[in-house]
Amino acid sequence: MPNILDRFFEDASSRIATQPVLSDQDLPRPDSPEHDGFDPTEIASDNDDLIPVEDRWSIEVGTRRLADREIPFPITSEDRDLLDGGIREVGFDVYAFYKSRRHVAARPYPGKWGIFYLEHGVSRVKELIESTYPGYGSSLRLAYEFLREHERFHFKFDIYALSVEAKIGRALYEPLKRAFRHHRIHQVEEALANRDAWEWAKRGRVGLGEFAYDFMKLQPGAYARFDERKFDLAGELAANLIDLNLSSTARREDQALWIGNVPDELLRRSLCPEYFVRPSSLTAWINPAWKLPEVRNVTEAQSFSSSLASKYASLKERWEDTKRKLIANPALPGLDFKRWDKSTGHWSVRINDNFRAHLRPIPKSGGTWEAEEFGPHKAMGHG
Ligand SMILES: [Zn+2]
């Protein structure tokens with residue numbers, strides 16, 4: 001029997017004109033640089049193992065299910081490098097993604113829609129929570145809920161979009177998705193999805209605000225814009241959707257408060273299916289080119305050492321501490337270690353709230369990096 005969400009989808013879809021929408025060539029282009037990001041339709045997913053999250057009644061059922069699987073599901077250090085690189089290169093959705101009911105027949109997982117969690121991704125977030133807050137309890141449940149908050153925003157935006165499309169009788173969601181197909185990491189929808197996960201993490205009973213902030217700032221493009229003014233982000237997304245105005249200064253303030261606000265009747269847990277995915281191969285999911293490079297040793301260029309000995313002598317101890325942490329675990333979100341300039345091969349690391357260093361791997365050195373520049377956050381071009 002169709003549920004309330006099925007009926008909404010069917011009724012609303014029937015009100016959207018079927019005449020051809022804009023062709024790919026006629027679509028406007030985002031003003032951001034091209035970056036294909038993570039495209040779930042391209043995963044070699046035919047042999048993946050899917051486990052439904054059958055917690056229609058309470059989150060605890062899902063938690064127990066995850067917890068039960070925790071012991072027989074270790075991730076390797078190779079997996080970690082892929083996961084840690086993937087989050088930096090293409091953002092949150094490489095750990096879990098949302099597939100619209102509109103695309104139920106399409107890849108991946110034809111016949112299924114909803115939220116798909118990469119089991120490795122849930123495990124990795126759990127590990128990072130534990131490294132950031134040693135002794136923190138029930139971190140597997142927190143990792144799962146953290147990912148879920150982001151993906152639920154995609155679900156809510158999908159429903160909101162459909163309600164607008166039904167009202168005006170014209171497709172909006174598909175053209176928007178197609179317009180951004182080579183600019184995925186720049187969709188402002190990702191900023192709002194990350195924002196929901198961040199706001200959830202900041203709640204008193206969760207207490208992961210600092211972790212969430214750092215984890216989101218590691219991510220590329222619009223993913224890292226989550227801390228901009230929410231009203232502006234929502235107004236921008238509404239202008240993208242309704243006017244197909246893709247400029248980052250576009251605004252539909254009249255719709256800003258409605259974006260992602262969906263009637264409770266459509267938000268019942270049982271209505272949007274969820275699955276844990278164990279992929280047949282992690283590299284089919286995460287491109288090996290995204291892997292986080294190894295850091296075995298960090299040396300300093302002459303100019304770097306001299307500025308540390310003179311102008312920035314007070315930061316010497318902080319730098320030594322940063323180096324130690326970088327070698328021990330470069331993936332720690334608090335280090336904010338991420339690619340800085342693709343053309344020069346530089347990466348950037350946080351020394352404290354105001355200072356960063358730029359460094360790059362020495363070719364064929366087996367994990368030795370040289371620190372080259374050092375300075376205040378703003379002067380280093382980090383805004
Ligand atoms: Zn997302």
# chains A, B, ... in the order shown; residues from 1 in each chain; ligands from 1
call {"tool": "closest_atom_pairs", "arguments": {"of": "chain A", "to": "ligand 1", "cutoff": "10 Å", "atoms": "only C-alpha atoms and all ligand atoms", "output": "CSV"}}
result
residue,atom,partner,partner_atom_place_in_ligand_line,distance
A:Phe38,CA,ligand 1,1 (Zn),9.9
A:Val90,CA,ligand 1,1 (Zn),9.9
A:Gly91,CA,ligand 1,1 (Zn),7.6
A:Phe92,CA,ligand 1,1 (Zn),5.9
A:Asp93,CA,ligand 1,1 (Zn),4.8
A:Val94,CA,ligand 1,1 (Zn),8.5
A:Tyr95,CA,ligand 1,1 (Zn),9.5
A:Ala96,CA,ligand 1,1 (Zn),7.9
A:Phe97,CA,ligand 1,1 (Zn),6.3
A:Tyr98,CA,ligand 1,1 (Zn),7.3
A:Leu147,CA,ligand 1,1 (Zn),9.3
A:Glu149,CA,ligand 1,1 (Zn),9.9
A:His150,CA,ligand 1,1 (Zn),6.2
A:Glu151,CA,ligand 1,1 (Zn),6.0
A:Arg152,CA,ligand 1,1 (Zn),9.1
A:Phe153,CA,ligand 1,1 (Zn),8.1
A:His154,CA,ligand 1,1 (Zn),6.6
A:Phe155,CA,ligand 1,1 (Zn),10.0
A:Arg184,CA,ligand 1,1 (Zn),9.4
A:Ile185,CA,ligand 1,1 (Zn),8.9
A:Gln187,CA,ligand 1,1 (Zn),8.9
A:Val188,CA,ligand 1,1 (Zn),9.7
A:Glu189,CA,ligand 1,1 (Zn),7.2
A:Glu190,CA,ligand 1,1 (Zn),4.8
A:Ala191,CA,ligand 1,1 (Zn),8.2
A:Leu192,CA,ligand 1,1 (Zn),8.8
A:Ala193,CA,ligand 1,1 (Zn),6.0
A:Asn194,CA,ligand 1,1 (Zn),7.3
A:Ala222,CA,ligand 1,1 (Zn),10.0
A:Tyr223,CA,ligand 1,1 (Zn),7.9
call {"tool": "write_last_selection", "arguments": {"atoms": "N, CA and C atoms", "output": "JSON list (two decimals), in the first residue's frame"}}
result
[["chain", "number", "residue", "atom", "x", "y", "z"],
["A", 38, "PHE", "N", 32.23, 13.43, -6.30],
["A", 38, "PHE", "CA", 31.88, 12.01, -6.13],
["A", 38, "PHE", "C", 30.54, 11.78, -6.78],
["A", 90, "VAL", "N", 36.52, 15.26, -2.11],
["A", 90, "VAL", "CA", 35.16, 15.35, -2.67],
["A", 90, "VAL", "C", 34.07, 15.58, -1.63],
["A", 91, "GLY", "N", 34.41, 15.57, -0.33],
["A", 91, "GLY", "CA", 33.43, 15.94, 0.69],
["A", 91, "GLY", "C", 32.64, 14.78, 1.28],
["A", 92, "PHE", "N", 31.72, 15.16, 2.14],
["A", 92, "PHE", "CA", 30.96, 14.28, 3.03],
["A", 92, "PHE", "C", 30.29, 13.10, 2.33],
["A", 93, "ASP", "N", 29.80, 13.32, 1.12],
["A", 93, "ASP", "CA", 28.95, 12.30, 0.48],
["A", 93, "ASP", "C", 29.70, 11.06, 0.07],
["A", 94, "VAL", "N", 31.02, 11.08, 0.18],
["A", 94, "VAL", "CA", 31.78, 9.88, -0.13],
["A", 94, "VAL", "C", 31.65, 8.88, 1.03],
["A", 95, "TYR", "N", 31.17, 9.33, 2.20],
["A", 95, "TYR", "CA", 30.93, 8.43, 3.34],
["A", 95, "TYR", "C", 29.47, 7.95, 3.41],
["A", 96, "ALA", "N", 28.58, 8.74, 2.83],
["A", 96, "ALA", "CA", 27.16, 8.39, 2.82],
["A", 96, "ALA", "C", 26.52, 9.30, 1.79],
["A", 97, "PHE", "N", 25.57, 8.77, 1.01],
["A", 97, "PHE", "CA", 24.93, 9.66, 0.03],
["A", 97, "PHE", "C", 23.43, 9.41, -0.01],
["A", 98, "TYR", "N", 22.73, 10.39, -0.56],
["A", 98, "TYR", "CA", 21.28, 10.31, -0.71],
["A", 98, "TYR", "C", 20.95, 10.10, -2.18],
["A", 147, "LEU", "N", 26.36, 11.46, 10.18],
["A", 147, "LEU", "CA", 26.22, 11.28, 8.73],
["A", 147, "LEU", "C", 24.76, 11.43, 8.31],
["A", 149, "GLU", "N", 22.36, 13.20, 9.64],
["A", 149, "GLU", "CA", 21.86, 14.58, 9.64],
["A", 149, "GLU", "C", 22.15, 15.27, 8.31],
["A", 150, "HIS", "N", 23.34, 15.05, 7.79],
["A", 150, "HIS", "CA", 23.70, 15.65, 6.49],
["A", 150, "HIS", "C", 22.79, 15.10, 5.39],
["A", 151, "GLU", "N", 22.66, 13.79, 5.34],
["A", 151, "GLU", "CA", 21.89, 13.17, 4.24],
["A", 151, "GLU", "C", 20.40, 13.50, 4.34],
["A", 152, "ARG", "N", 19.91, 13.65, 5.55],
["A", 152, "ARG", "CA", 18.50, 14.00, 5.72],
["A", 152, "ARG", "C", 18.21, 15.38, 5.14],
["A", 153, "PHE", "N", 19.21, 16.26, 5.15],
["A", 153, "PHE", "CA", 18.96, 17.56, 4.52],
["A", 153, "PHE", "C", 18.70, 17.37, 3.03],
["A", 154, "HIS", "N", 19.46, 16.49, 2.39],
["A", 154, "HIS", "CA", 19.25, 16.24, 0.95],
["A", 154, "HIS", "C", 17.82, 15.73, 0.70],
["A", 155, "PHE", "N", 17.37, 14.86, 1.59],
["A", 155, "PHE", "CA", 16.01, 14.32, 1.48],
["A", 155, "PHE", "C", 14.99, 15.46, 1.60],
["A", 184, "ARG", "N", 30.08, 19.41, -8.77],
["A", 184, "ARG", "CA", 29.35, 18.86, -7.62],
["A", 184, "ARG", "C", 29.74, 19.44, -6.28],
["A", 185, "ILE", "N", 31.05, 19.64, -6.09],
["A", 185, "ILE", "CA", 31.48, 20.09, -4.76],
["A", 185, "ILE", "C", 31.07, 21.53, -4.48],
["A", 187, "GLN", "N", 27.96, 22.79, -4.99],
["A", 187, "GLN", "CA", 26.52, 22.97, -4.76],
["A", 187, "GLN", "C", 26.28, 23.49, -3.35],
["A", 188, "VAL", "N", 25.59, 24.60, -3.25],
["A", 188, "VAL", "CA", 25.35, 25.21, -1.93],
["A", 188, "VAL", "C", 24.48, 24.29, -1.06],
["A", 189, "GLU", "N", 23.79, 23.38, -1.70],
["A", 189, "GLU", "CA", 23.03, 22.35, -0.96],
["A", 189, "GLU", "C", 23.95, 21.62, 0.03],
["A", 190, "GLU", "N", 25.21, 21.43, -0.35],
["A", 190, "GLU", "CA", 26.16, 20.74, 0.53],
["A", 190, "GLU", "C", 26.51, 21.58, 1.76],
["A", 191, "ALA", "N", 26.56, 22.90, 1.57],
["A", 191, "ALA", "CA", 26.84, 23.77, 2.72],
["A", 191, "ALA", "C", 25.72, 23.64, 3.75],
["A", 192, "LEU", "N", 24.47, 23.60, 3.27],
["A", 192, "LEU", "CA", 23.33, 23.51, 4.18],
["A", 192, "LEU", "C", 23.22, 22.12, 4.81],
["A", 193, "ALA", "N", 23.59, 21.10, 4.05],
["A", 193, "ALA", "CA", 23.56, 19.73, 4.60],
["A", 193, "ALA", "C", 24.62, 19.61, 5.70],
["A", 194, "ASN", "N", 25.82, 20.13, 5.43],
["A", 194, "ASN", "CA", 26.87, 20.10, 6.45],
["A", 194, "ASN", "C", 26.47, 20.95, 7.65],
["A", 222, "ALA", "N", 31.77, 24.09, -1.58],
["A", 222, "ALA", "CA", 30.62, 24.54, -0.79],
["A", 222, "ALA", "C", 30.49, 23.78, 0.53],
["A", 223, "TYR", "N", 31.05, 22.58, 0.62],
["A", 223, "TYR", "CA", 30.97, 21.82, 1.88],
["A", 223, "TYR", "C", 31.52, 22.64, 3.05]]
call {"tool": "select_by_dssp", "arguments": {"residues": "region 62-165 of chain A", "states": "strand (DSSP E or B)", "output": "PyMOL selection string"}}
result
chain A and resi 96-99+114-118
call {"tool": "closest_residue", "arguments": {"among": "A:Ala284, A:Leu335, A:Ala12, A:Leu308", "to": "Asp214 (chain A)", "atoms": "only C-alpha atoms"}}
result
A:Leu335
call {"tool": "closest_residue", "arguments": {"among": "A:Arg15, A:Arg29, A:Lys325, A:His182", "to": "Ile168 (chain A)", "atoms": "only C-alpha atoms"}}
result
A:Arg15
call {"tool": "residues_around", "arguments": {"residues": "region 359-365 of chain A", "least_positions_apart": "6", "cutoff": "7 Å", "atoms": "only C-alpha atoms", "output": "list in words"}}
result
Gly345, His346, Trp347, Ser348, Ala371 and Glu372 of chain A
call {"tool": "write_last_selection", "arguments": {"atoms": "C-alpha atoms", "output": "PDB file, in the first residue's frame"}}
result
ATOM      1  CA  GLY A 345      51.664  20.412  -4.794  1.00  0.00           C
ATOM      2  CA  HIS A 346      51.424  22.372  -1.538  1.00  0.00           C
ATOM      3  CA  TRP A 347      49.377  21.253   1.457  1.00  0.00           C
ATOM      4  CA  SER A 348      48.413  23.391   4.399  1.00  0.00           C
ATOM      5  CA  ALA A 371      57.693  23.129   5.244  1.00  0.00           C
ATOM      6  CA  GLU A 372      58.174  26.223   3.118  1.00  0.00           C
TER       7      GLU A 372
END
call {"tool": "residues_around", "arguments": {"residues": "region 253-268 of chain A", "least_positions_apart": "3", "cutoff": "10 Å", "atoms": "only C-alpha atoms", "output": "compact mmCIF listing (two decimals) with C-alpha atoms, in the first residue's frame"}}
result
# COMPACT_ATOMS: atom_id res chain seq x y z
CA ASN A 3 2.38 5.49 2.09
CA ILE A 4 1.94 9.24 2.43
CA LEU A 5 5.33 9.94 0.84
CA ASP A 6 4.63 7.65 -2.14
CA PHE A 8 2.99 12.84 -2.45
CA ARG A 56 11.38 2.03 11.89
CA TRP A 57 10.66 2.60 15.55
CA ARG A 152 18.50 14.00 5.72
CA PHE A 153 18.96 17.56 4.52
CA HIS A 154 19.25 16.24 0.95
CA PHE A 155 16.01 14.32 1.48
CA LYS A 156 14.24 17.41 2.82
CA PHE A 157 15.47 19.60 -0.03
CA ASP A 158 14.25 17.00 -2.53
CA ILE A 159 10.74 17.11 -0.99
CA TYR A 160 10.73 20.91 -0.84
CA ALA A 161 11.80 21.09 -4.50
CA SER A 163 6.44 20.82 -3.76
CA GLU A 189 23.03 22.35 -0.96
CA LEU A 192 23.33 23.51 4.18
CA ALA A 193 23.56 19.73 4.60
CA LYS A 230 22.15 30.24 7.05
CA PHE A 231 19.54 32.61 5.63
CA ASP A 232 21.94 33.59 2.82
CA LEU A 233 22.87 29.99 2.01
CA ALA A 234 19.20 29.03 1.87
CA GLY A 235 18.33 32.07 -0.27
CA GLU A 236 21.14 31.14 -2.66
CA LEU A 237 19.95 27.54 -2.96
CA ALA A 238 16.38 28.72 -3.61
CA ALA A 239 17.61 31.04 -6.38
CA ILE A 242 13.73 28.23 -8.79
CA ALA A 250 21.90 34.97 -6.32
CA LEU A 271 9.41 6.85 5.03
CA CYS A 272 12.96 7.36 3.76
call {"tool": "closest_residue", "arguments": {"among": "A:Lys217, A:Lys177, A:His183, A:Arg170", "to": "Arg195 (chain A)", "atoms": "only C-alpha atoms"}}
result
A:Lys217
call {"tool": "atom_distance", "arguments": {"atom1": "CA of Ser123 (chain A)", "atom2": "CA of Ala212 (chain A)"}}
result
15.6 Å
call {"tool": "residues_around", "arguments": {"residues": "Gly111 (chain A)", "least_positions_apart": "3", "cutoff": "12 Å", "atoms": "only C-alpha atoms", "output": "ChimeraX atom specification"}}
result
/A:99-108,114,273
call {"tool": "write_last_selection", "arguments": {"atoms": "N, CA and C atoms", "output": "short mmCIF file (atom, residue, chain, number, x, y, z; two decimals), in the first residue's frame"}}
result
data_model
loop_
_atom_site.label_atom_id
_atom_site.label_comp_id
_atom_site.auth_asym_id
_atom_site.auth_seq_id
_atom_site.Cartn_x
_atom_site.Cartn_y
_atom_site.Cartn_z
N LYS A 99 20.06 9.16 -2.43
CA LYS A 99 19.57 8.94 -3.79
C LYS A 99 18.07 9.22 -3.79
N SER A 100 17.65 10.14 -4.64
CA SER A 100 16.24 10.55 -4.66
C SER A 100 15.33 9.42 -5.13
N ARG A 101 14.12 9.44 -4.63
CA ARG A 101 13.10 8.49 -5.09
C ARG A 101 12.83 8.69 -6.58
N ARG A 102 13.10 9.91 -7.07
CA ARG A 102 12.94 10.20 -8.50
C ARG A 102 13.82 9.29 -9.35
N HIS A 103 14.97 8.88 -8.77
CA HIS A 103 15.95 8.11 -9.53
C HIS A 103 15.96 6.64 -9.13
N VAL A 104 14.83 6.17 -8.60
CA VAL A 104 14.83 4.83 -8.01
C VAL A 104 15.29 3.75 -9.00
N ALA A 105 14.99 3.96 -10.29
CA ALA A 105 15.34 2.92 -11.27
C ALA A 105 16.81 3.02 -11.72
N ALA A 106 17.46 4.11 -11.36
CA ALA A 106 18.82 4.35 -11.89
C ALA A 106 19.90 3.72 -11.02
N ARG A 107 21.12 3.75 -11.50
CA ARG A 107 22.26 3.30 -10.73
C ARG A 107 22.63 4.35 -9.69
N PRO A 108 23.27 4.01 -8.59
CA PRO A 108 23.54 2.64 -8.18
C PRO A 108 22.32 2.04 -7.48
N GLY A 114 16.96 6.33 -1.19
CA GLY A 114 17.11 6.69 0.22
C GLY A 114 18.55 7.05 0.56
N PRO A 273 13.97 5.21 3.18
CA PRO A 273 14.76 4.00 3.47
C PRO A 273 16.24 4.32 3.69
#
